[in-house]
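Visitor: The file below is coords-v7.txt, compact mmCIF, C-alpha atoms:
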# COMPACT_ATOMS: atom_id res chain seq x y z
CA MET A 830 61.65 -2.64 -0.22
CA LYS A 831 64.38 -1.48 2.12
CA SER A 832 64.86 1.93 3.63
CA THR A 833 67.46 3.02 6.09
CA THR A 834 67.53 6.02 8.38
CA ASP A 835 70.08 6.82 11.06
CA GLN A 836 68.33 4.49 13.41
CA GLU A 837 66.00 2.15 11.58
CA THR A 838 66.25 -0.56 8.97
CA VAL A 839 63.04 -1.72 7.33
CA ILE A 840 62.96 -4.84 5.14
CA ASN A 841 59.75 -6.29 3.67
CA GLY A 842 57.87 -3.65 5.67
CA VAL A 843 59.29 -5.09 8.88
CA ASN A 844 61.21 -2.77 11.19
CA VAL A 845 64.27 -4.96 11.61
CA SER A 846 65.85 -2.55 14.10
CA GLN A 847 62.81 -2.91 16.37
CA LEU A 848 62.86 -6.68 15.85
CA GLY A 849 66.48 -6.74 17.04
CA GLN A 850 65.55 -4.66 20.07
CA THR A 851 62.71 -7.09 20.84
CA VAL A 852 65.09 -10.05 20.67
CA ASP A 853 67.57 -8.29 22.97
CA ALA A 854 64.83 -7.33 25.43
CA VAL A 855 63.55 -10.92 25.57
CA LYS A 856 67.06 -12.27 26.07
CA GLY A 857 67.41 -9.96 29.07
CA ASP A 858 63.96 -10.76 30.49
CA PRO A 859 62.36 -13.95 29.10
CA GLY A 860 59.10 -13.05 30.89
CA LEU A 861 58.53 -10.41 28.20
CA ALA A 862 58.04 -13.24 25.69
CA LYS A 863 54.93 -14.55 27.47
CA PHE A 864 51.80 -13.72 25.48
CA ARG A 865 48.17 -14.49 26.23
CA PHE A 866 45.58 -13.95 23.49
CA HIS A 867 41.85 -13.71 24.20
CA CYS A 868 38.61 -14.29 22.32
CA THR A 869 34.98 -14.10 23.41
CA ASN A 870 32.20 -15.70 21.40
CA ARG A 871 28.42 -15.57 21.54
CA TRP A 872 26.01 -17.92 19.80
CA ILE A 873 23.43 -16.13 17.64
CA ASN A 874 21.34 -18.89 16.01
CA GLY A 875 21.92 -22.25 14.34
CA GLY A 876 25.42 -22.31 12.85
CA HIS A 877 25.89 -18.55 13.31
CA ASN A 878 28.01 -17.14 16.14
CA ARG A 879 30.22 -14.09 16.60
CA SER A 880 33.70 -13.68 18.08
CA THR A 881 35.15 -10.49 19.47
CA ILE A 882 38.89 -10.04 19.85
CA GLN A 883 40.41 -6.99 21.42
CA SER A 884 43.03 -6.97 24.16
CA PHE A 885 45.95 -9.32 24.69
CA TYR A 886 48.74 -9.68 27.22
CA GLY A 887 52.34 -9.50 26.04
CA ALA A 888 55.68 -7.80 26.63
CA GLY A 889 54.80 -7.47 30.30
CA ARG A 890 51.38 -5.81 30.12
CA GLU A 891 47.81 -6.04 28.89
CA HIS A 892 47.30 -4.21 25.59
CA THR A 893 43.82 -2.71 25.69
CA GLU A 894 44.41 0.22 23.32
CA ARG A 895 43.53 -1.82 20.27
CA PRO A 896 40.71 -1.81 17.73
CA GLN A 897 38.05 -4.45 18.31
CA PHE A 898 38.01 -7.23 15.72
CA VAL A 899 34.62 -8.87 15.18
CA MET A 900 34.29 -12.12 13.21
CA ASP A 901 31.14 -13.96 12.25
CA CYS A 902 31.27 -17.73 11.91
CA GLY A 903 28.57 -19.22 9.69
CA GLU A 904 27.82 -22.27 7.61
CA PRO A 905 26.78 -22.66 3.97
CA PRO A 906 23.27 -23.95 3.16
CA VAL A 907 24.53 -27.49 2.48
CA LEU A 908 25.74 -27.45 6.11
CA LEU A 909 22.38 -26.04 7.29
CA GLY A 910 23.41 -22.39 7.52
CA SER A 911 22.91 -19.22 5.45
CA ASP A 912 26.53 -18.21 4.78
CA GLU A 913 26.51 -15.81 7.72
CA GLY A 914 30.31 -15.86 7.63
CA ALA A 915 33.17 -18.15 6.71
CA ASN A 916 32.87 -21.44 8.54
CA PRO A 917 35.25 -22.36 11.36
CA VAL A 918 37.43 -24.77 9.38
CA GLU A 919 37.82 -22.08 6.70
CA TYR A 920 39.07 -19.71 9.42
CA ILE A 921 41.74 -22.33 10.15
CA LEU A 922 42.97 -22.04 6.55
CA ASN A 923 43.05 -18.23 6.88
CA ALA A 924 45.03 -18.49 10.14
CA LEU A 925 47.51 -20.90 8.58
CA ALA A 926 47.94 -18.84 5.39
CA GLY A 927 48.34 -15.60 7.34
CA CYS A 928 50.77 -17.01 9.88
CA MET A 929 53.01 -18.83 7.41
CA THR A 930 53.15 -15.70 5.24
CA THR A 931 53.98 -13.35 8.12
CA THR A 932 56.53 -15.82 9.45
CA MET A 933 58.24 -16.09 6.06
CA ILE A 934 58.29 -12.28 5.78
CA TYR A 935 59.59 -11.63 9.33
CA HIS A 936 62.24 -14.35 9.34
CA ALA A 937 63.40 -13.30 5.87
CA ALA A 938 63.67 -9.68 7.05
CA ALA A 939 65.71 -10.75 10.09
CA ARG A 940 68.17 -12.41 7.68
CA GLY A 941 68.25 -9.47 5.27
CA ILE A 942 66.31 -11.38 2.57
CA LYS A 943 63.98 -9.21 0.53
CA LEU A 944 60.69 -10.54 -0.86
CA GLU A 945 58.74 -8.89 -3.64
CA SER A 946 55.51 -10.86 -3.50
CA VAL A 947 53.98 -13.79 -1.64
CA GLU A 948 50.76 -15.51 -2.62
CA SER A 949 49.34 -18.77 -1.38
CA GLU A 950 46.53 -21.21 -2.07
CA LEU A 951 45.38 -23.59 0.64
CA GLN A 952 43.10 -26.60 0.58
CA GLY A 953 41.77 -28.61 3.49
CA GLU A 954 40.24 -32.06 3.04
CA LEU A 955 37.53 -33.09 5.46
CA ASP A 956 35.23 -36.11 5.55
CA LEU A 957 31.91 -35.20 7.17
CA GLN A 958 31.35 -38.81 8.26
CA GLY A 959 33.61 -38.00 11.23
CA PHE A 960 31.56 -35.02 12.45
CA LEU A 961 28.31 -36.93 11.83
CA GLN A 962 29.67 -39.83 13.93
CA LEU A 963 28.95 -42.28 11.13
CA LYS A 964 32.44 -43.82 11.14
CA ASP A 965 34.61 -44.06 14.26
CA ASP A 966 37.83 -44.32 12.27
CA ILE A 967 37.30 -41.09 10.33
CA ARG A 968 38.58 -38.03 12.13
CA LYS A 969 36.37 -34.97 12.54
CA GLY A 970 38.94 -32.39 11.46
CA TYR A 971 41.09 -32.01 8.38
CA GLN A 972 42.68 -35.19 7.07
CA LEU A 973 45.16 -33.21 4.99
CA VAL A 974 45.98 -29.56 4.36
CA THR A 975 47.94 -28.43 1.30
CA VAL A 976 49.70 -25.05 1.18
CA LYS A 977 51.09 -23.80 -2.15
CA PHE A 978 53.15 -20.62 -2.12
CA LYS A 979 54.21 -18.52 -5.08
CA VAL A 980 57.01 -16.19 -4.03
CA LYS A 981 59.05 -13.59 -5.85
CA SER A 982 62.46 -13.36 -4.16
CA ASP A 983 66.15 -14.01 -4.67
CA ALA A 984 66.10 -16.65 -1.92
CA SER A 985 65.75 -20.32 -2.82
CA ALA A 986 62.41 -22.12 -2.56
CA GLU A 987 63.95 -24.43 0.07
CA GLN A 988 65.04 -21.53 2.26
CA LEU A 989 61.68 -19.77 1.95
CA GLU A 990 59.86 -22.96 2.96
CA GLU A 991 62.18 -23.41 5.93
CA LEU A 992 61.45 -19.86 7.08
CA ALA A 993 57.67 -20.36 6.79
CA ARG A 994 57.82 -23.55 8.88
CA ASN A 995 58.65 -21.41 11.96
CA SER A 996 55.00 -20.34 11.95
CA PRO A 997 53.14 -20.67 15.29
CA VAL A 998 49.92 -21.70 13.50
CA PHE A 999 51.83 -24.31 11.48
CA ASP A 1000 52.96 -25.72 14.85
CA ILE A 1001 49.40 -25.54 16.24
CA VAL A 1002 47.93 -27.41 13.24
CA THR A 1003 50.68 -30.02 12.76
CA ASN A 1004 51.26 -30.81 16.46
CA PRO A 1005 48.90 -31.44 19.38
CA VAL A 1006 47.92 -28.45 21.55
CA PRO A 1007 46.42 -29.14 24.99
CA VAL A 1008 42.94 -27.59 25.20
CA ASN A 1009 41.19 -27.36 28.57
CA VAL A 1010 37.41 -27.20 28.23
CA HIS A 1011 35.08 -26.11 31.01
CA VAL A 1012 31.30 -25.82 30.70
CA GLU A 1013 29.34 -23.87 33.31
CA LYS A 1014 25.58 -23.84 33.30
CA ILE A 1015 24.00 -20.44 33.98
CA MET B 147 13.33 -22.37 20.05
CA LYS B 148 11.44 -25.16 18.29
CA SER B 149 8.97 -24.91 15.51
CA THR B 150 7.30 -27.69 13.61
CA THR B 151 5.61 -27.66 10.25
CA ASP B 152 4.25 -30.64 8.36
CA GLN B 153 7.72 -31.39 7.09
CA GLU B 154 10.36 -29.64 9.14
CA THR B 155 11.60 -29.64 12.70
CA VAL B 156 13.89 -26.80 13.75
CA ILE B 157 15.76 -26.91 17.07
CA ASN B 158 18.32 -24.28 18.13
CA GLY B 159 17.88 -22.75 14.67
CA VAL B 160 19.07 -26.00 13.10
CA ASN B 161 16.81 -27.71 10.58
CA VAL B 162 16.89 -31.15 12.14
CA SER B 163 14.79 -32.65 9.33
CA GLN B 164 17.42 -31.54 6.79
CA LEU B 165 20.17 -32.81 9.10
CA GLY B 166 18.51 -36.23 9.13
CA GLN B 167 18.23 -36.18 5.34
CA THR B 168 21.94 -35.30 5.12
CA VAL B 169 22.84 -38.24 7.37
CA ASP B 170 20.69 -40.60 5.28
CA ALA B 171 22.18 -39.30 2.02
CA VAL B 172 25.75 -39.78 3.32
CA LYS B 173 24.91 -43.28 4.54
CA GLY B 174 23.76 -44.11 1.00
CA ASP B 175 26.72 -42.45 -0.72
CA PRO B 176 29.73 -41.79 1.57
CA GLY B 177 31.37 -39.78 -1.23
CA LEU B 178 28.90 -36.97 -0.47
CA ALA B 179 30.71 -36.48 2.86
CA LYS B 180 33.97 -35.46 1.20
CA PHE B 181 34.56 -31.73 1.56
CA ARG B 182 37.43 -29.59 0.34
CA PHE B 183 37.72 -26.01 1.63
CA HIS B 184 39.85 -23.36 -0.10
CA CYS B 185 41.61 -20.16 0.88
CA THR B 186 43.82 -17.81 -1.11
CA ASN B 187 46.10 -15.29 0.57
CA ARG B 188 48.18 -12.36 -0.64
CA TRP B 189 50.90 -10.57 1.29
CA ILE B 190 50.39 -6.81 1.49
CA ASN B 191 53.28 -5.47 3.61
CA GLY B 192 55.08 -6.42 6.82
CA GLY B 193 52.75 -8.44 9.03
CA HIS B 194 49.69 -7.55 6.93
CA ASN B 195 48.16 -10.03 4.49
CA ARG B 196 44.66 -10.77 3.22
CA SER B 197 42.78 -14.03 2.73
CA THR B 198 39.85 -14.58 0.41
CA ILE B 199 37.49 -17.48 0.90
CA GLN B 200 34.69 -18.23 -1.48
CA SER B 201 33.94 -21.60 -3.04
CA PHE B 202 34.25 -25.06 -1.53
CA TYR B 203 33.64 -28.59 -2.68
CA GLY B 204 31.12 -30.74 -0.82
CA ALA B 205 28.06 -32.96 -1.24
CA GLY B 206 29.32 -33.94 -4.68
CA ARG B 207 29.92 -30.54 -6.26
CA GLU B 208 31.81 -27.25 -6.10
CA HIS B 209 29.76 -24.52 -4.42
CA THR B 210 30.60 -21.27 -6.18
CA GLU B 211 27.35 -19.39 -5.49
CA ARG B 212 28.58 -18.04 -2.22
CA PRO B 213 29.49 -14.59 -0.89
CA GLN B 214 33.20 -13.86 -0.81
CA PHE B 215 34.69 -13.67 2.69
CA VAL B 216 37.72 -11.41 3.03
CA MET B 217 39.90 -11.48 6.15
CA ASP B 218 42.85 -9.30 7.00
CA CYS B 219 45.61 -10.71 9.16
CA GLY B 220 47.70 -8.12 10.99
CA GLU B 221 49.93 -7.72 14.00
CA PRO B 222 49.82 -5.28 16.92
CA PRO B 223 52.60 -2.66 17.26
CA VAL B 224 54.44 -4.71 19.90
CA LEU B 225 54.71 -7.41 17.21
CA LEU B 226 55.85 -4.85 14.62
CA GLY B 227 52.50 -4.29 12.91
CA SER B 228 49.76 -1.65 12.94
CA ASP B 229 46.74 -3.74 14.00
CA GLU B 230 45.69 -4.21 10.38
CA GLY B 231 43.52 -7.12 11.52
CA ALA B 232 43.45 -9.81 14.19
CA ASN B 233 46.66 -11.77 14.21
CA PRO B 234 46.78 -15.36 12.96
CA VAL B 235 46.88 -17.05 16.38
CA GLU B 236 43.85 -14.97 17.39
CA TYR B 237 42.04 -16.34 14.32
CA ILE B 238 42.75 -19.80 15.73
CA LEU B 239 40.84 -18.89 18.90
CA ASN B 240 37.93 -17.61 16.79
CA ALA B 241 37.91 -20.84 14.75
CA LEU B 242 37.94 -22.96 17.91
CA ALA B 243 35.22 -20.91 19.64
CA GLY B 244 33.02 -20.90 16.55
CA CYS B 245 33.43 -24.58 15.81
CA MET B 246 32.88 -25.84 19.36
CA THR B 247 29.79 -23.64 19.65
CA THR B 248 28.28 -24.77 16.34
CA THR B 249 29.11 -28.38 17.15
CA MET B 250 27.43 -28.14 20.56
CA ILE B 251 24.36 -26.54 18.93
CA TYR B 252 24.09 -29.04 16.02
CA HIS B 253 24.70 -32.16 18.08
CA ALA B 254 22.27 -30.95 20.74
CA ALA B 255 19.64 -30.31 18.07
CA ALA B 256 20.14 -33.82 16.65
CA ARG B 257 19.37 -35.20 20.14
CA GLY B 258 16.38 -32.92 20.70
CA ILE B 259 18.23 -30.85 23.33
CA LYS B 260 17.30 -27.16 23.32
CA LEU B 261 19.84 -24.47 24.24
CA GLU B 262 18.89 -20.93 25.19
CA SER B 263 22.29 -19.26 25.17
CA VAL B 264 25.95 -20.16 24.64
CA GLU B 265 28.85 -17.85 25.42
CA SER B 266 32.53 -18.64 25.61
CA GLU B 267 35.83 -17.10 26.61
CA LEU B 268 39.08 -18.46 25.22
CA GLN B 269 42.69 -17.85 26.12
CA GLY B 270 45.81 -19.03 24.33
CA GLU B 271 49.23 -18.99 25.98
CA LEU B 272 52.24 -18.48 23.75
CA ASP B 273 55.92 -17.93 24.52
CA LEU B 274 57.53 -15.78 21.83
CA GLN B 275 60.94 -17.33 22.54
CA GLY B 276 59.84 -20.22 20.32
CA PHE B 277 59.03 -18.05 17.28
CA LEU B 278 62.18 -15.98 17.84
CA GLN B 279 64.24 -19.21 17.88
CA LEU B 280 65.79 -18.25 21.22
CA LYS B 281 65.00 -21.57 22.92
CA ASP B 282 64.81 -24.87 21.07
CA ASP B 283 62.64 -26.50 23.72
CA ILE B 284 59.90 -23.85 23.60
CA ARG B 285 57.28 -24.52 20.95
CA LYS B 286 56.28 -21.80 18.51
CA GLY B 287 52.52 -22.24 18.83
CA TYR B 288 50.15 -22.26 21.79
CA GLN B 289 51.37 -24.09 24.86
CA LEU B 290 47.86 -24.22 26.29
CA VAL B 291 44.38 -23.11 25.24
CA THR B 292 41.55 -22.69 27.75
CA VAL B 293 37.90 -22.66 26.67
CA LYS B 294 35.23 -21.61 29.18
CA PHE B 295 31.59 -21.96 28.16
CA LYS B 296 28.55 -20.51 29.89
CA VAL B 297 25.44 -22.28 28.63
CA LYS B 298 21.76 -21.94 29.42
CA SER B 299 20.10 -25.31 28.82
CA ASP B 300 18.37 -28.19 30.58
CA ALA B 301 21.21 -30.55 29.57
CA SER B 302 24.01 -31.29 32.03
CA ALA B 303 27.37 -29.54 31.80
CA GLU B 304 29.02 -32.93 31.16
CA GLN B 305 26.74 -33.71 28.24
CA LEU B 306 27.20 -30.25 26.70
CA GLU B 307 30.98 -30.59 26.94
CA GLU B 308 30.83 -34.04 25.35
CA LEU B 309 28.80 -32.64 22.45
CA ALA B 310 31.26 -29.76 21.89
CA ARG B 311 34.21 -32.15 21.77
CA ASN B 312 32.93 -33.46 18.42
CA SER B 313 34.17 -30.20 16.88
CA PRO B 314 36.40 -30.52 13.77
CA VAL B 315 38.54 -27.55 14.89
CA PHE B 316 38.92 -29.08 18.36
CA ASP B 317 40.30 -32.16 16.57
CA ILE B 318 42.57 -30.01 14.37
CA VAL B 319 44.02 -28.14 17.36
CA THR B 320 44.36 -31.06 19.79
CA ASN B 321 45.65 -33.64 17.28
CA PRO B 322 48.29 -33.48 14.52
CA VAL B 323 47.11 -32.61 11.00
CA PRO B 324 49.44 -33.41 8.08
CA VAL B 325 50.26 -30.19 6.20
CA ASN B 326 52.00 -30.40 2.82
CA VAL B 327 53.93 -27.24 1.98
CA HIS B 328 55.16 -26.37 -1.49
CA VAL B 329 57.01 -23.18 -2.42
CA GLU B 330 57.31 -22.16 -6.06
CA LYS B 331 59.42 -19.22 -7.10
CA ILE B 332 57.89 -16.98 -9.74
Using structure tokens, write down the structure that the file contains.
Guide:
Amino acid sequence: MKSTTDQETVINGVNVSQLGQTVDAVKGDPGLAKFRFHCTNRWINGGHNRSTIQSFYGAGREHTERPQFVMDCGEPPVLLGSDEGANPVEYILNALAGCMTTTMIYHAAARGIKLESVESELQGELDLQGFLQLKDDIRKGYQLVTVKFKVKSDASAEQLEELARNSPVFDIVTNPVPVNVHVEKI
Amino acid sequence: MKSTTDQETVINGVNVSQLGQTVDAVKGDPGLAKFRFHCTNRWINGGHNRSTIQSFYGAGREHTERPQFVMDCGEPPVLLGSDEGANPVEYILNALAGCMTTTMIYHAAARGIKLESVESELQGELDLQGFLQLKDDIRKGYQLVTVKFKVKSDASAEQLEELARNSPVFDIVTNPVPVNVHVEKI
């Protein structure tokens, strides 16, 4: 899908003209590239808690004019919950799928590559002995994640994979991120 | 909140008797601890795509009797979207908040520690110059995540933080996870 007006080029649903303007703006003022995302969460009961996401800081200001996104985290009965929502490690798979897809789409658009369809299937392998502290040498998180894309496009599979690897969530999952934790008693 | 029947002890909404049975079962057959979570995703347009999460494998079988969880990933206008959903790096904050909270609750329950309330605020710092490939030395994902908990409990802040650090998503974010990517053209 590509449409052109006097001023705007849209490829894969991405406004490439605006993308170019964003790149130029950031080149002129790198401070515009600084983003800060927020999330608040409240425990409800057992393995059930709820996150609210609304504003974020980016492009030089706080964006408060946004819909509120509410997400319930739950656990299935075998993990002592009642399926109140997807569980947190499942949300990781969603974040990875969504980010790699959007990254493939955006970076393809920036290069003039059109995509017709993108589907993916993800699997994450986890050994509960880590979380249960039964074995010190078994990690608590995923031991392996597999991402399989099916893409309809003229570009090669190698190029599409290379584009998707620019994903911020791919970086977050495959490389260490420093996380500062602070607990205050109230 | 603690209630006791002849057979079951519940602390923080967690069935501690069932948790103990799970630990015993896994000790007897470590294969029961192997879990495999799934996610499928389909691109819709631009920065909008949709994940579906339903079944998972764990405790020796595929669990298909579950509600379907559908999540839309979107982007805000400043990132060329229309706020079709939270964006993927925001879903990471939700996953981290949810997992650290559930982990604190479950591990406290296992130790007989009661919690009255748990709230958290998370922030993730990201420099878009990485994603835009404007600077090679700026990573694409979060440079720093901050997690601030406010907890009402008799336990010490240090102990509560230690419990929360057993979180699988905390492990996934702070340590590298191998991710295999395969792109098939259709």
Visitor: Closest to Pro213 in chain B among A:Tyr935, A:Glu948, A:Ser880, A:Ala915, using all atoms listed in the file?
Guide: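 Of the candidates, the smallest distance to Pro213 in chain B is held by A:Ala915.
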Visitor: Which residue gives the smallest distance to Thr249 in chain B among B:Val319, B:Ile157, B:Val297, B:Leu306, with all atoms listed in the file counted?
Guide: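 The shortest atom-to-atom distance to Thr249 in chain B comes from B:Leu306.
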Visitor: Tell me which protein, DNA and RNA residues are within 12 Å of Val160 in chain B, counting only C-alpha atoms, leaving out same-chain ones fewer than 4 positions away, and put them as a PyMOL selection string.
Guide: (chain A and resi 873-877+904+906+908-911) or (chain B and resi 147-150+154-156+164-166+248-261)
Visitor: Could you name the residues that touch Gln883 in chain A at 10 Å or less, counting all atoms listed in the file, but leaving out those on the same chain fewer than 2 positions away, as a PDB file with C-alpha atoms, keeping the file's coordinate frame?
Guide:
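Full text of selection09.pdb as output:
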ATOM      1  CA  PHE A 866      45.580 -13.950  23.490  1.00  0.00           C
ATOM      2  CA  HIS A 867      41.850 -13.710  24.200  1.00  0.00           C
ATOM      3  CA  CYS A 868      38.610 -14.290  22.320  1.00  0.00           C
ATOM      4  CA  THR A 869      34.980 -14.100  23.410  1.00  0.00           C
ATOM      5  CA  THR A 881      35.150 -10.490  19.470  1.00  0.00           C
ATOM      6  CA  PHE A 885      45.950  -9.320  24.690  1.00  0.00           C
ATOM      7  CA  HIS A 892      47.300  -4.210  25.590  1.00  0.00           C
ATOM      8  CA  THR A 893      43.820  -2.710  25.690  1.00  0.00           C
ATOM      9  CA  GLU A 894      44.410   0.220  23.320  1.00  0.00           C
ATOM     10  CA  ARG A 895      43.530  -1.820  20.270  1.00  0.00           C
ATOM     11  CA  PRO A 896      40.710  -1.810  17.730  1.00  0.00           C
ATOM     12  CA  GLN A 897      38.050  -4.450  18.310  1.00  0.00           C
ATOM     13  CA  PHE A 898      38.010  -7.230  15.720  1.00  0.00           C
ATOM     14  CA  VAL A 899      34.620  -8.870  15.180  1.00  0.00           C
TER      15      VAL A 899
ATOM     16  CA  ALA B 232      43.450  -9.810  14.190  1.00  0.00           C
ATOM     17  CA  GLU B 236      43.850 -14.970  17.390  1.00  0.00           C
TER      18      GLU B 236
END
Visitor: Which of these, B:Ser201, B:Asn240, B:Ser163, B:Gln305, has the shortest distance to chain A once you count all atoms listed in the file?
Guide: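 Among the listed residues, the smallest separation from chain A belongs to B:Asn240.
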Visitor: Looking at only C-alpha atoms, which of B:Ala241, B:Gly276, B:Asn233, B:Leu178 is the one that sits closest to chain A?
Guide: B:Ala241
Visitor: What's the separation between CA of Phe999 in chain A and CA of Ala926 in chain A, in Å to one decimal place?
Guide: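 For CA of Phe999 in chain A relative to CA of Ala926 in chain A, the distance reads 9.1 Å.
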Visitor: Report the distance between CA of Asp983 in chain A and CA of Ser946 in chain A in Å, rounded to one decimal place.
Guide: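 Computed distance, CA of Asp983 in chain A to CA of Ser946 in chain A, equals 11.2 Å.
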Visitor: Do you know which residues are at most 10 Å from Ile921 in chain A counting all atoms listed in the file, after dropping those on the same chain fewer than 6 positions away, and could you put them as a PyMOL selection string?
Guide: (chain A and resi 927+953+971+998+1002) or (chain B and resi 185+234-235+237-242+315+318-319)
Visitor: I'd like to know which of A:Leu955, A:Ala986, A:Phe960, A:Glu913 is closest to Gly204 in chain B, using all atoms listed in the file.
Guide: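 Closest candidate: A:Leu955.
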Visitor: Separation of CA of Asn195 in chain B and CA of Pro324 in chain B, in Å?
Guide: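 Taking CA of Asn195 in chain B and CA of Pro324 in chain B, their separation equals 23.7 Å.
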Visitor: Smallest atom-to-atom distance to chain B: which of A:Lys981, A:Lys964, A:Arg994, A:Arg890, using only C-alpha atoms?
Guide: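 Between A:Lys981, A:Lys964, A:Arg994, A:Arg890, the residue approaching chain B most closely is A:Lys981.
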Visitor: Because the input lacks atoms here, generate all heavy atoms for range 922-928 of chain A and report them as a PDB file, in the coordinates of the input.
Guide:
ATOM      1  N   LEU A 922      42.137 -22.246   7.740  1.00  0.00           N
ATOM      2  CA  LEU A 922      42.970 -22.040   6.550  1.00  0.00           C
ATOM      3  C   LEU A 922      43.483 -20.600   6.492  1.00  0.00           C
ATOM      4  O   LEU A 922      44.650 -20.352   6.154  1.00  0.00           O
ATOM      5  CB  LEU A 922      42.199 -22.388   5.272  1.00  0.00           C
ATOM      6  CG  LEU A 922      41.728 -23.840   5.129  1.00  0.00           C
ATOM      7  CD1 LEU A 922      41.049 -24.029   3.754  1.00  0.00           C
ATOM      8  CD2 LEU A 922      42.882 -24.827   5.280  1.00  0.00           C
ATOM      9  N   ASN A 923      42.621 -19.634   6.823  1.00  0.00           N
ATOM     10  CA  ASN A 923      43.050 -18.230   6.880  1.00  0.00           C
ATOM     11  C   ASN A 923      44.171 -18.046   7.898  1.00  0.00           C
ATOM     12  O   ASN A 923      45.185 -17.395   7.609  1.00  0.00           O
ATOM     13  CB  ASN A 923      41.866 -17.336   7.236  1.00  0.00           C
ATOM     14  CG  ASN A 923      42.305 -15.955   7.682  1.00  0.00           C
ATOM     15  OD1 ASN A 923      43.014 -15.246   6.960  1.00  0.00           O
ATOM     16  ND2 ASN A 923      41.927 -15.569   8.891  1.00  0.00           N
ATOM     17  N   ALA A 924      44.009 -18.636   9.081  1.00  0.00           N
ATOM     18  CA  ALA A 924      45.030 -18.490  10.140  1.00  0.00           C
ATOM     19  C   ALA A 924      46.356 -19.086   9.688  1.00  0.00           C
ATOM     20  O   ALA A 924      47.428 -18.505   9.916  1.00  0.00           O
ATOM     21  CB  ALA A 924      44.545 -19.169  11.425  1.00  0.00           C
ATOM     22  N   LEU A 925      46.283 -20.240   9.024  1.00  0.00           N
ATOM     23  CA  LEU A 925      47.510 -20.900   8.580  1.00  0.00           C
ATOM     24  C   LEU A 925      48.187 -20.102   7.459  1.00  0.00           C
ATOM     25  O   LEU A 925      49.413 -19.889   7.486  1.00  0.00           O
ATOM     26  CB  LEU A 925      47.175 -22.324   8.110  1.00  0.00           C
ATOM     27  CG  LEU A 925      48.349 -23.211   7.728  1.00  0.00           C
ATOM     28  CD1 LEU A 925      49.303 -23.430   8.900  1.00  0.00           C
ATOM     29  CD2 LEU A 925      47.857 -24.568   7.199  1.00  0.00           C
ATOM     30  N   ALA A 926      47.394 -19.635   6.494  1.00  0.00           N
ATOM     31  CA  ALA A 926      47.940 -18.840   5.390  1.00  0.00           C
ATOM     32  C   ALA A 926      48.591 -17.563   5.932  1.00  0.00           C
ATOM     33  O   ALA A 926      49.727 -17.214   5.584  1.00  0.00           O
ATOM     34  CB  ALA A 926      46.834 -18.479   4.404  1.00  0.00           C
ATOM     35  N   GLY A 927      47.860 -16.868   6.815  1.00  0.00           N
ATOM     36  CA  GLY A 927      48.340 -15.600   7.340  1.00  0.00           C
ATOM     37  C   GLY A 927      49.612 -15.772   8.157  1.00  0.00           C
ATOM     38  O   GLY A 927      50.574 -15.000   8.029  1.00  0.00           O
ATOM     39  N   CYS A 928      49.632 -16.806   8.982  1.00  0.00           N
ATOM     40  CA  CYS A 928      50.770 -17.010   9.880  1.00  0.00           C
ATOM     41  C   CYS A 928      52.013 -17.462   9.117  1.00  0.00           C
ATOM     42  O   CYS A 928      53.118 -16.979   9.384  1.00  0.00           O
ATOM     43  CB  CYS A 928      50.394 -18.027  10.950  1.00  0.00           C
ATOM     44  SG  CYS A 928      51.520 -18.028  12.351  1.00  0.00           S
TER      45      CYS A 928
END
